[in-house]
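Asks: mmCIF, N, CA and C atoms, file coords-v5.cif:
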```
data_upload
#
loop_
_atom_site.label_atom_id
_atom_site.label_comp_id
_atom_site.auth_asym_id
_atom_site.auth_seq_id
_atom_site.Cartn_x
_atom_site.Cartn_y
_atom_site.Cartn_z
N MET J 1 -107.14 19.09 18.17
CA MET J 1 -107.83 18.58 19.35
C MET J 1 -109.28 19.02 19.33
N ILE J 2 -110.17 18.16 19.72
CA ILE J 2 -111.60 18.47 19.75
C ILE J 2 -111.88 19.37 20.94
N PRO J 3 -112.54 20.52 20.71
CA PRO J 3 -112.88 21.39 21.83
C PRO J 3 -113.72 20.63 22.85
N GLY J 4 -113.36 20.75 24.10
CA GLY J 4 -114.12 20.11 25.16
C GLY J 4 -113.82 18.63 25.32
N ALA J 5 -112.88 18.08 24.53
CA ALA J 5 -112.62 16.65 24.59
C ALA J 5 -111.98 16.24 25.91
N SER J 6 -111.27 17.17 26.55
CA SER J 6 -110.62 16.81 27.80
C SER J 6 -111.60 16.83 28.98
N SER J 7 -112.75 17.47 28.80
CA SER J 7 -113.71 17.50 29.88
C SER J 7 -114.73 16.38 29.69
N PRO J 8 -115.30 15.87 30.77
CA PRO J 8 -116.29 14.79 30.64
C PRO J 8 -117.55 15.28 29.94
N LEU J 9 -118.23 14.37 29.30
CA LEU J 9 -119.48 14.71 28.64
C LEU J 9 -120.55 14.96 29.68
N PRO J 10 -121.52 15.83 29.38
CA PRO J 10 -122.57 16.10 30.36
C PRO J 10 -123.39 14.84 30.62
N THR J 11 -123.66 14.60 31.90
CA THR J 11 -124.47 13.44 32.26
C THR J 11 -125.89 13.86 32.65
N ASP J 12 -126.09 15.12 32.94
CA ASP J 12 -127.39 15.64 33.29
C ASP J 12 -128.12 16.05 32.01
N PRO J 13 -129.24 15.39 31.66
CA PRO J 13 -129.93 15.71 30.42
C PRO J 13 -130.34 17.17 30.33
N SER J 14 -130.59 17.82 31.45
CA SER J 14 -130.98 19.22 31.40
C SER J 14 -129.82 20.13 31.03
N SER J 15 -128.57 19.62 31.10
CA SER J 15 -127.42 20.45 30.76
C SER J 15 -126.99 20.27 29.33
N SER J 16 -127.64 19.39 28.58
CA SER J 16 -127.28 19.20 27.18
C SER J 16 -128.36 19.75 26.28
N THR J 17 -127.99 20.00 25.05
CA THR J 17 -128.90 20.58 24.08
C THR J 17 -128.96 19.68 22.87
N THR J 18 -130.15 19.49 22.33
CA THR J 18 -130.31 18.76 21.08
C THR J 18 -130.53 19.79 19.99
N LEU J 19 -129.63 19.83 19.02
CA LEU J 19 -129.74 20.80 17.94
C LEU J 19 -130.40 20.16 16.74
N SER J 20 -131.09 20.98 15.97
CA SER J 20 -131.70 20.52 14.73
C SER J 20 -131.64 21.64 13.72
N PRO J 21 -131.78 21.33 12.43
CA PRO J 21 -131.71 22.37 11.41
C PRO J 21 -132.80 23.43 11.58
N THR J 22 -133.96 23.04 12.06
CA THR J 22 -135.08 23.98 12.19
C THR J 22 -135.23 24.54 13.59
N GLY J 23 -134.56 23.92 14.55
CA GLY J 23 -134.72 24.32 15.93
C GLY J 23 -135.94 23.68 16.58
N VAL J 24 -136.74 22.94 15.81
CA VAL J 24 -137.94 22.32 16.34
C VAL J 24 -137.82 20.81 16.27
N SER J 25 -137.61 20.30 15.10
CA SER J 25 -137.52 18.86 14.88
C SER J 25 -136.11 18.38 15.17
N ALA J 26 -135.96 17.13 15.61
CA ALA J 26 -134.65 16.58 15.91
C ALA J 26 -134.02 15.94 14.69
N GLY J 27 -134.51 16.21 13.51
CA GLY J 27 -133.92 15.66 12.30
C GLY J 27 -134.79 15.93 11.11
N PRO J 28 -134.36 15.48 9.94
CA PRO J 28 -135.14 15.70 8.74
C PRO J 28 -136.43 14.89 8.76
N ARG J 29 -137.38 15.29 7.94
CA ARG J 29 -138.66 14.58 7.86
C ARG J 29 -138.42 13.11 7.57
N GLY J 30 -139.02 12.25 8.34
CA GLY J 30 -138.89 10.82 8.14
C GLY J 30 -137.75 10.20 8.92
N ALA J 31 -136.82 11.00 9.45
CA ALA J 31 -135.69 10.42 10.18
C ALA J 31 -136.15 9.71 11.45
N ARG J 32 -137.19 10.21 12.08
CA ARG J 32 -137.69 9.56 13.29
C ARG J 32 -138.33 8.22 12.98
N ASP J 33 -138.79 8.03 11.73
CA ASP J 33 -139.42 6.79 11.33
C ASP J 33 -138.40 5.75 10.87
N ALA J 34 -137.14 6.14 10.75
CA ALA J 34 -136.12 5.23 10.25
C ALA J 34 -135.91 4.10 11.26
N PRO J 35 -135.71 2.88 10.78
CA PRO J 35 -135.54 1.75 11.69
C PRO J 35 -134.20 1.81 12.41
N ALA J 36 -134.20 1.30 13.62
CA ALA J 36 -132.98 1.07 14.40
C ALA J 36 -132.11 2.29 14.59
N ALA J 37 -132.70 3.45 14.86
CA ALA J 37 -131.88 4.62 15.18
C ALA J 37 -131.16 4.36 16.48
N GLY J 38 -129.90 4.74 16.54
CA GLY J 38 -129.11 4.52 17.74
C GLY J 38 -127.85 5.36 17.69
N PRO J 39 -126.99 5.22 18.67
CA PRO J 39 -125.78 6.03 18.72
C PRO J 39 -124.79 5.68 17.62
N LEU J 40 -124.05 6.68 17.19
CA LEU J 40 -123.00 6.49 16.19
C LEU J 40 -122.00 5.43 16.66
N ALA J 41 -121.80 5.31 17.94
CA ALA J 41 -120.85 4.34 18.50
C ALA J 41 -121.22 2.90 18.14
N GLU J 42 -122.48 2.63 17.75
CA GLU J 42 -122.92 1.28 17.44
C GLU J 42 -122.95 0.98 15.94
N VAL J 43 -122.60 1.95 15.11
CA VAL J 43 -122.57 1.75 13.66
C VAL J 43 -121.35 0.91 13.31
N ARG J 44 -121.52 -0.01 12.34
CA ARG J 44 -120.41 -0.87 11.93
C ARG J 44 -119.62 -0.20 10.81
N ALA J 45 -118.36 -0.53 10.71
CA ALA J 45 -117.49 0.01 9.66
C ALA J 45 -118.09 -0.27 8.30
N GLY J 46 -118.09 0.73 7.44
CA GLY J 46 -118.63 0.61 6.09
C GLY J 46 -120.08 1.02 5.98
N GLU J 47 -120.78 1.17 7.08
CA GLU J 47 -122.19 1.54 7.05
C GLU J 47 -122.37 3.04 6.91
N ARG J 48 -123.48 3.42 6.24
CA ARG J 48 -123.86 4.82 6.08
C ARG J 48 -125.00 5.11 7.04
N ALA J 49 -125.07 6.37 7.50
CA ALA J 49 -126.13 6.77 8.41
C ALA J 49 -126.43 8.25 8.23
N ILE J 50 -127.56 8.67 8.77
CA ILE J 50 -127.92 10.08 8.78
C ILE J 50 -128.01 10.53 10.24
N VAL J 51 -127.47 11.69 10.52
CA VAL J 51 -127.48 12.21 11.89
C VAL J 51 -128.89 12.69 12.22
N VAL J 52 -129.42 12.20 13.33
CA VAL J 52 -130.76 12.56 13.77
C VAL J 52 -130.69 13.61 14.88
N GLU J 53 -129.84 13.39 15.88
CA GLU J 53 -129.71 14.31 17.02
C GLU J 53 -128.27 14.36 17.48
N ILE J 54 -127.91 15.52 18.04
CA ILE J 54 -126.63 15.66 18.71
C ILE J 54 -126.96 16.00 20.16
N GLY J 55 -126.75 15.08 21.07
CA GLY J 55 -127.11 15.27 22.47
C GLY J 55 -125.94 15.80 23.28
N LEU J 56 -125.44 16.97 22.91
CA LEU J 56 -124.29 17.58 23.58
C LEU J 56 -124.57 19.05 23.85
N ASP J 57 -123.66 19.70 24.57
CA ASP J 57 -123.84 21.13 24.82
C ASP J 57 -123.77 21.87 23.48
N ALA J 58 -124.35 23.05 23.41
CA ALA J 58 -124.50 23.80 22.17
C ALA J 58 -123.16 24.09 21.49
N ASP J 59 -122.12 24.41 22.25
CA ASP J 59 -120.83 24.74 21.64
C ASP J 59 -120.24 23.53 20.92
N LEU J 60 -120.22 22.39 21.57
CA LEU J 60 -119.65 21.19 20.96
C LEU J 60 -120.52 20.71 19.80
N ALA J 61 -121.84 20.77 19.96
CA ALA J 61 -122.73 20.38 18.86
C ALA J 61 -122.56 21.32 17.67
N GLY J 62 -122.36 22.60 17.93
CA GLY J 62 -122.12 23.57 16.85
C GLY J 62 -120.82 23.29 16.13
N TRP J 63 -119.79 22.93 16.89
CA TRP J 63 -118.50 22.59 16.27
C TRP J 63 -118.64 21.36 15.39
N LEU J 64 -119.34 20.33 15.88
CA LEU J 64 -119.56 19.13 15.07
C LEU J 64 -120.36 19.47 13.81
N GLY J 65 -121.36 20.33 13.93
CA GLY J 65 -122.14 20.75 12.78
C GLY J 65 -121.28 21.46 11.74
N ALA J 66 -120.36 22.30 12.20
CA ALA J 66 -119.44 22.98 11.27
C ALA J 66 -118.52 21.99 10.57
N MET J 67 -118.26 20.85 11.22
CA MET J 67 -117.41 19.82 10.62
C MET J 67 -118.21 18.89 9.71
N GLY J 68 -119.53 19.09 9.60
CA GLY J 68 -120.37 18.28 8.73
C GLY J 68 -121.11 17.17 9.44
N LEU J 69 -121.16 17.23 10.78
CA LEU J 69 -121.87 16.20 11.56
C LEU J 69 -123.03 16.82 12.33
N GLY J 70 -123.93 17.47 11.61
CA GLY J 70 -125.11 18.04 12.23
C GLY J 70 -126.34 17.24 11.83
N PRO J 71 -127.48 17.50 12.47
CA PRO J 71 -128.71 16.81 12.12
C PRO J 71 -129.03 16.96 10.63
N GLY J 72 -129.41 15.84 10.02
CA GLY J 72 -129.72 15.83 8.61
C GLY J 72 -128.53 15.50 7.72
N GLN J 73 -127.32 15.51 8.27
CA GLN J 73 -126.11 15.21 7.50
C GLN J 73 -125.92 13.71 7.40
N THR J 74 -125.40 13.25 6.27
CA THR J 74 -125.09 11.83 6.12
C THR J 74 -123.62 11.60 6.46
N LEU J 75 -123.31 10.38 6.84
CA LEU J 75 -121.93 10.02 7.14
C LEU J 75 -121.70 8.55 6.83
N THR J 76 -120.44 8.19 6.70
CA THR J 76 -120.03 6.81 6.53
C THR J 76 -118.97 6.52 7.56
N LEU J 77 -119.13 5.43 8.29
CA LEU J 77 -118.11 5.02 9.24
C LEU J 77 -117.05 4.25 8.46
N ILE J 78 -115.86 4.80 8.38
CA ILE J 78 -114.79 4.18 7.59
C ILE J 78 -114.13 3.06 8.37
N ARG J 79 -113.75 3.34 9.61
CA ARG J 79 -113.12 2.30 10.42
C ARG J 79 -113.22 2.66 11.89
N ARG J 80 -113.01 1.65 12.71
CA ARG J 80 -112.98 1.81 14.17
C ARG J 80 -111.58 1.47 14.66
N ALA J 81 -111.06 2.27 15.55
CA ALA J 81 -109.78 1.95 16.15
C ALA J 81 -109.97 0.80 17.15
N VAL J 82 -108.93 0.05 17.36
CA VAL J 82 -109.01 -1.08 18.31
C VAL J 82 -109.12 -0.58 19.74
N PHE J 83 -109.57 -1.45 20.61
CA PHE J 83 -109.67 -1.20 22.05
C PHE J 83 -110.51 0.02 22.39
N GLY J 84 -111.61 0.24 21.66
CA GLY J 84 -112.52 1.34 21.97
C GLY J 84 -112.00 2.70 21.61
N GLY J 85 -111.06 2.76 20.70
CA GLY J 85 -110.50 4.04 20.26
C GLY J 85 -111.47 4.81 19.38
N PRO J 86 -110.98 5.87 18.75
CA PRO J 86 -111.86 6.73 17.95
C PRO J 86 -112.42 6.06 16.71
N LEU J 87 -113.51 6.64 16.20
CA LEU J 87 -114.15 6.18 14.98
C LEU J 87 -113.76 7.14 13.86
N HIS J 88 -113.33 6.61 12.73
CA HIS J 88 -112.95 7.40 11.56
C HIS J 88 -114.20 7.55 10.70
N VAL J 89 -114.67 8.78 10.53
CA VAL J 89 -115.94 9.07 9.87
C VAL J 89 -115.71 9.95 8.65
N ARG J 90 -116.44 9.65 7.56
CA ARG J 90 -116.45 10.52 6.38
C ARG J 90 -117.82 11.16 6.31
N THR J 91 -117.86 12.49 6.21
CA THR J 91 -119.12 13.22 6.14
C THR J 91 -119.65 13.20 4.71
N GLY J 92 -120.91 13.55 4.55
CA GLY J 92 -121.52 13.60 3.23
C GLY J 92 -120.85 14.59 2.30
N SER J 93 -120.21 15.61 2.87
CA SER J 93 -119.52 16.60 2.04
C SER J 93 -118.09 16.19 1.72
N GLY J 94 -117.66 15.02 2.21
CA GLY J 94 -116.34 14.50 1.88
C GLY J 94 -115.27 14.71 2.93
N GLY J 95 -115.58 15.45 3.99
CA GLY J 95 -114.61 15.64 5.06
C GLY J 95 -114.45 14.37 5.88
N GLU J 96 -113.28 14.20 6.47
CA GLU J 96 -113.03 13.04 7.32
C GLU J 96 -112.51 13.52 8.68
N LEU J 97 -112.97 12.85 9.73
CA LEU J 97 -112.50 13.18 11.07
C LEU J 97 -112.61 11.96 11.97
N ALA J 98 -111.88 12.02 13.06
CA ALA J 98 -111.93 10.97 14.08
C ALA J 98 -112.81 11.46 15.22
N ILE J 99 -113.73 10.60 15.64
CA ILE J 99 -114.66 10.93 16.72
C ILE J 99 -114.37 10.04 17.92
N ASN J 100 -114.13 10.64 19.04
CA ASN J 100 -113.93 9.94 20.30
C ASN J 100 -115.12 9.02 20.55
N ALA J 101 -114.89 7.81 21.05
CA ALA J 101 -115.96 6.83 21.26
C ALA J 101 -117.03 7.36 22.23
N ALA J 102 -116.62 8.10 23.27
CA ALA J 102 -117.60 8.66 24.21
C ALA J 102 -118.46 9.71 23.51
N LEU J 103 -117.86 10.51 22.66
CA LEU J 103 -118.60 11.52 21.90
C LEU J 103 -119.58 10.84 20.93
N ALA J 104 -119.14 9.74 20.32
CA ALA J 104 -119.98 9.01 19.36
C ALA J 104 -121.23 8.44 20.02
N ARG J 105 -121.19 8.21 21.33
CA ARG J 105 -122.39 7.71 22.02
C ARG J 105 -123.45 8.80 22.18
N SER J 106 -123.07 10.08 21.99
CA SER J 106 -124.00 11.20 22.11
C SER J 106 -124.56 11.66 20.77
N ILE J 107 -124.17 10.97 19.69
CA ILE J 107 -124.65 11.33 18.35
C ILE J 107 -125.62 10.24 17.91
N LEU J 108 -126.90 10.58 17.80
CA LEU J 108 -127.93 9.63 17.40
C LEU J 108 -128.04 9.62 15.88
N VAL J 109 -127.95 8.43 15.30
CA VAL J 109 -128.02 8.29 13.84
C VAL J 109 -129.05 7.24 13.46
N ALA J 110 -129.52 7.33 12.22
CA ALA J 110 -130.42 6.33 11.65
C ALA J 110 -129.71 5.74 10.43
N PRO J 111 -129.83 4.43 10.22
CA PRO J 111 -129.14 3.81 9.10
C PRO J 111 -129.70 4.24 7.75
N LEU J 112 -128.82 4.26 6.75
CA LEU J 112 -129.21 4.51 5.37
C LEU J 112 -128.91 3.25 4.58
N PRO J 113 -129.65 3.01 3.51
CA PRO J 113 -129.36 1.83 2.69
C PRO J 113 -127.97 1.96 2.07
N GLN J 114 -127.29 0.84 1.93
CA GLN J 114 -125.98 0.81 1.30
C GLN J 114 -126.15 0.98 -0.21
N PRO J 115 -125.24 1.71 -0.88
CA PRO J 115 -125.35 1.86 -2.33
C PRO J 115 -125.30 0.50 -3.01
N GLY J 116 -126.18 0.28 -3.98
CA GLY J 116 -126.19 -0.98 -4.71
C GLY J 116 -126.94 -2.10 -4.03
N ARG J 117 -127.49 -1.85 -2.85
CA ARG J 117 -128.27 -2.86 -2.12
C ARG J 117 -129.70 -2.38 -1.99
N SER J 118 -130.61 -3.32 -1.98
CA SER J 118 -132.00 -2.94 -1.79
C SER J 118 -132.26 -2.70 -0.31
N PRO J 119 -133.17 -1.77 0.05
CA PRO J 119 -133.40 -1.44 1.46
C PRO J 119 -133.96 -2.52 2.29
#
```
Rewrite the structure of this file - the entire thing - as structure tokens.

Replies:
Amino acid sequence: MIPGASSPLPTDPSSSTTLSPTGVSAGPRGARDAPAAGPLAEVRAGERAIVVEIGLDADLAGWLGAMGLGPGQTLTLIRRAVFGGPLHVRTGSGGELAINAALARSILVAPLPQPGRSP
């Protein structure tokens, strides 16, 4: 079970924390310039992305980072469950996990080019 999954996500921006590898920038160099950055919840199955920001409380963001979903990490959306269910994600390090759709709306990602396709 995901820690904090039973409690609602913070709605007050002052109660959430954006984590980054450096503590200053919200992602790796150039991630802010990437086109069409948006929530993980809007990524299509089969697409690759890089995590730009985690807009959650520090404990939950830290747990996601330990699972390979921190700022600067790459991921691939493998599949989406029907009826707004969880998203099956593969991290850049090869780990796989299911992300609650509400949680996925708090993870900001930027698209990466698909392997074998031109950008």

Asks: Applied to the shown file, which residues does the PyMOL selection byres ((chain J and resi 75) around 6.5) return, written as a list in words?

Replies: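 Written out, the selection comes to Glu47, Arg48, Ala49, Ile50, Val51, Gln73, Thr74, Thr76, Leu77, Val89, Arg90, Thr91 and Gly92 of chain J.
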
Asks: Taking the chain letters and numbering used in this document, name the residues of range 31-106 of chain J that DSSP puts in strand (DSSP E or B), as a list in words.

Replies: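 Result set for range 31-106 of chain J (strand (DSSP E or B)): Gly38, Pro39, Arg48, Ala49, Ile50, Val51, Val52, Glu53, Ile54, Gly55, Leu56, Thr74, Leu75, Thr76, Leu77, Ile78, Arg79, Arg80, Leu87, His88, Val89, Arg90, Thr91, Glu96, Leu97, Ala98 and Ile99 of chain J.
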
Asks: If I take CA of Gly46 in chain J and CA of Arg79 in chain J, how far is one from the other in Å, to one decimal?

Replies: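 Between CA of Gly46 in chain J and CA of Arg79 in chain J the gap is 7.2 Å.
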
Asks: Select, from J:Val43, J:Ala37, J:Arg105, J:Gly95, the residue with the minimum atom-to-atom distance to Gly68 in chain J, counting only N, CA and C atoms.

Replies: J:Gly95

Asks: In Å, how far is it from atom N of Ser93 in chain J to atom N of Leu40 in chain J?

Replies: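 We find that atom N of Ser93 in chain J and atom N of Leu40 in chain J lie 17.3 Å from each other.
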
Asks: Kindly indicate which residue among J:Ala41, J:Phe83, J:Asn100, J:Gly70 lies nearest to Ile54 in chain J, using all atoms listed in the file for the distances.

Replies: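 Going through J:Ala41, J:Phe83, J:Asn100, J:Gly70 one by one, the smallest distance to Ile54 in chain J is for J:Gly70.
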
Asks: For Leu64 in chain J, find every residue with an atom within 10 Å (counting only C-alpha atoms), except residues of its own chain fewer than 5 positions away, and show them as a PyMOL selection string.

Replies: chain J and resi 2-3+54+56+58-59+69-71+99+107

Asks: Quick one, how far is CA of Ala104 in chain J from CA of Gly55 in chain J?

Replies: 10.0 Å

Asks: Can range 62-73 of chain J be brought up to all heavy atoms and written out as a tab-separated table (two decimals), in the coordinates of the input?

Replies:
```tsv
chain	number	residue	atom	x	y	z
J	62	GLY	N	-122.36	22.60	17.93
J	62	GLY	CA	-122.12	23.57	16.85
J	62	GLY	C	-120.82	23.29	16.13
J	62	GLY	O	-120.74	23.40	14.91
J	63	TRP	N	-119.79	22.93	16.89
J	63	TRP	CA	-118.50	22.59	16.27
J	63	TRP	C	-118.64	21.36	15.39
J	63	TRP	O	-118.14	21.33	14.26
J	63	TRP	CB	-117.44	22.36	17.36
J	63	TRP	CG	-116.11	22.05	16.79
J	63	TRP	CD1	-115.18	22.96	16.35
J	63	TRP	CD2	-115.53	20.76	16.60
J	63	TRP	NE1	-114.07	22.29	15.89
J	63	TRP	CE2	-114.26	20.94	16.03
J	63	TRP	CE3	-115.97	19.46	16.85
J	63	TRP	CZ2	-113.42	19.88	15.71
J	63	TRP	CZ3	-115.14	18.41	16.53
J	63	TRP	CH2	-113.89	18.62	15.97
J	64	LEU	N	-119.34	20.33	15.88
J	64	LEU	CA	-119.56	19.13	15.07
J	64	LEU	C	-120.36	19.47	13.81
J	64	LEU	O	-120.07	18.95	12.73
J	64	LEU	CB	-120.28	18.06	15.88
J	64	LEU	CG	-119.44	17.33	16.91
J	64	LEU	CD1	-120.33	16.46	17.79
J	64	LEU	CD2	-118.36	16.50	16.25
J	65	GLY	N	-121.36	20.33	13.93
J	65	GLY	CA	-122.14	20.75	12.78
J	65	GLY	C	-121.28	21.46	11.74
J	65	GLY	O	-121.42	21.23	10.54
J	66	ALA	N	-120.36	22.30	12.20
J	66	ALA	CA	-119.44	22.98	11.27
J	66	ALA	C	-118.52	21.99	10.57
J	66	ALA	O	-118.06	22.24	9.45
J	66	ALA	CB	-118.63	24.02	12.03
J	67	MET	N	-118.26	20.85	11.22
J	67	MET	CA	-117.41	19.82	10.62
J	67	MET	C	-118.21	18.89	9.71
J	67	MET	O	-117.66	17.98	9.12
J	67	MET	CB	-116.74	19.00	11.72
J	67	MET	CG	-115.82	19.80	12.63
J	67	MET	SD	-114.45	20.55	11.74
J	67	MET	CE	-113.50	19.11	11.33
J	68	GLY	N	-119.53	19.09	9.60
J	68	GLY	CA	-120.37	18.28	8.73
J	68	GLY	C	-121.11	17.17	9.44
J	68	GLY	O	-121.63	16.27	8.81
J	69	LEU	N	-121.16	17.23	10.78
J	69	LEU	CA	-121.87	16.20	11.56
J	69	LEU	C	-123.03	16.82	12.33
J	69	LEU	O	-123.15	16.68	13.53
J	69	LEU	CB	-120.93	15.51	12.53
J	69	LEU	CG	-120.01	14.46	11.94
J	69	LEU	CD1	-119.11	13.87	13.00
J	69	LEU	CD2	-120.80	13.37	11.27
J	70	GLY	N	-123.93	17.47	11.61
J	70	GLY	CA	-125.11	18.04	12.23
J	70	GLY	C	-126.34	17.24	11.83
J	70	GLY	O	-126.29	16.39	10.94
J	71	PRO	N	-127.48	17.50	12.47
J	71	PRO	CA	-128.71	16.81	12.12
J	71	PRO	C	-129.03	16.96	10.63
J	71	PRO	O	-128.89	18.03	10.06
J	71	PRO	CB	-129.77	17.51	12.99
J	71	PRO	CG	-128.98	17.98	14.18
J	71	PRO	CD	-127.66	18.40	13.62
J	72	GLY	N	-129.41	15.84	10.02
J	72	GLY	CA	-129.72	15.83	8.61
J	72	GLY	C	-128.53	15.50	7.72
J	72	GLY	O	-128.69	15.22	6.54
J	73	GLN	N	-127.32	15.51	8.27
J	73	GLN	CA	-126.11	15.21	7.50
J	73	GLN	C	-125.92	13.71	7.40
J	73	GLN	O	-126.20	12.98	8.34
J	73	GLN	CB	-124.88	15.84	8.17
J	73	GLN	CG	-124.96	17.32	8.35
J	73	GLN	CD	-124.79	18.06	7.04
J	73	GLN	OE1	-124.12	17.61	6.12
J	73	GLN	NE2	-125.42	19.21	6.96
```
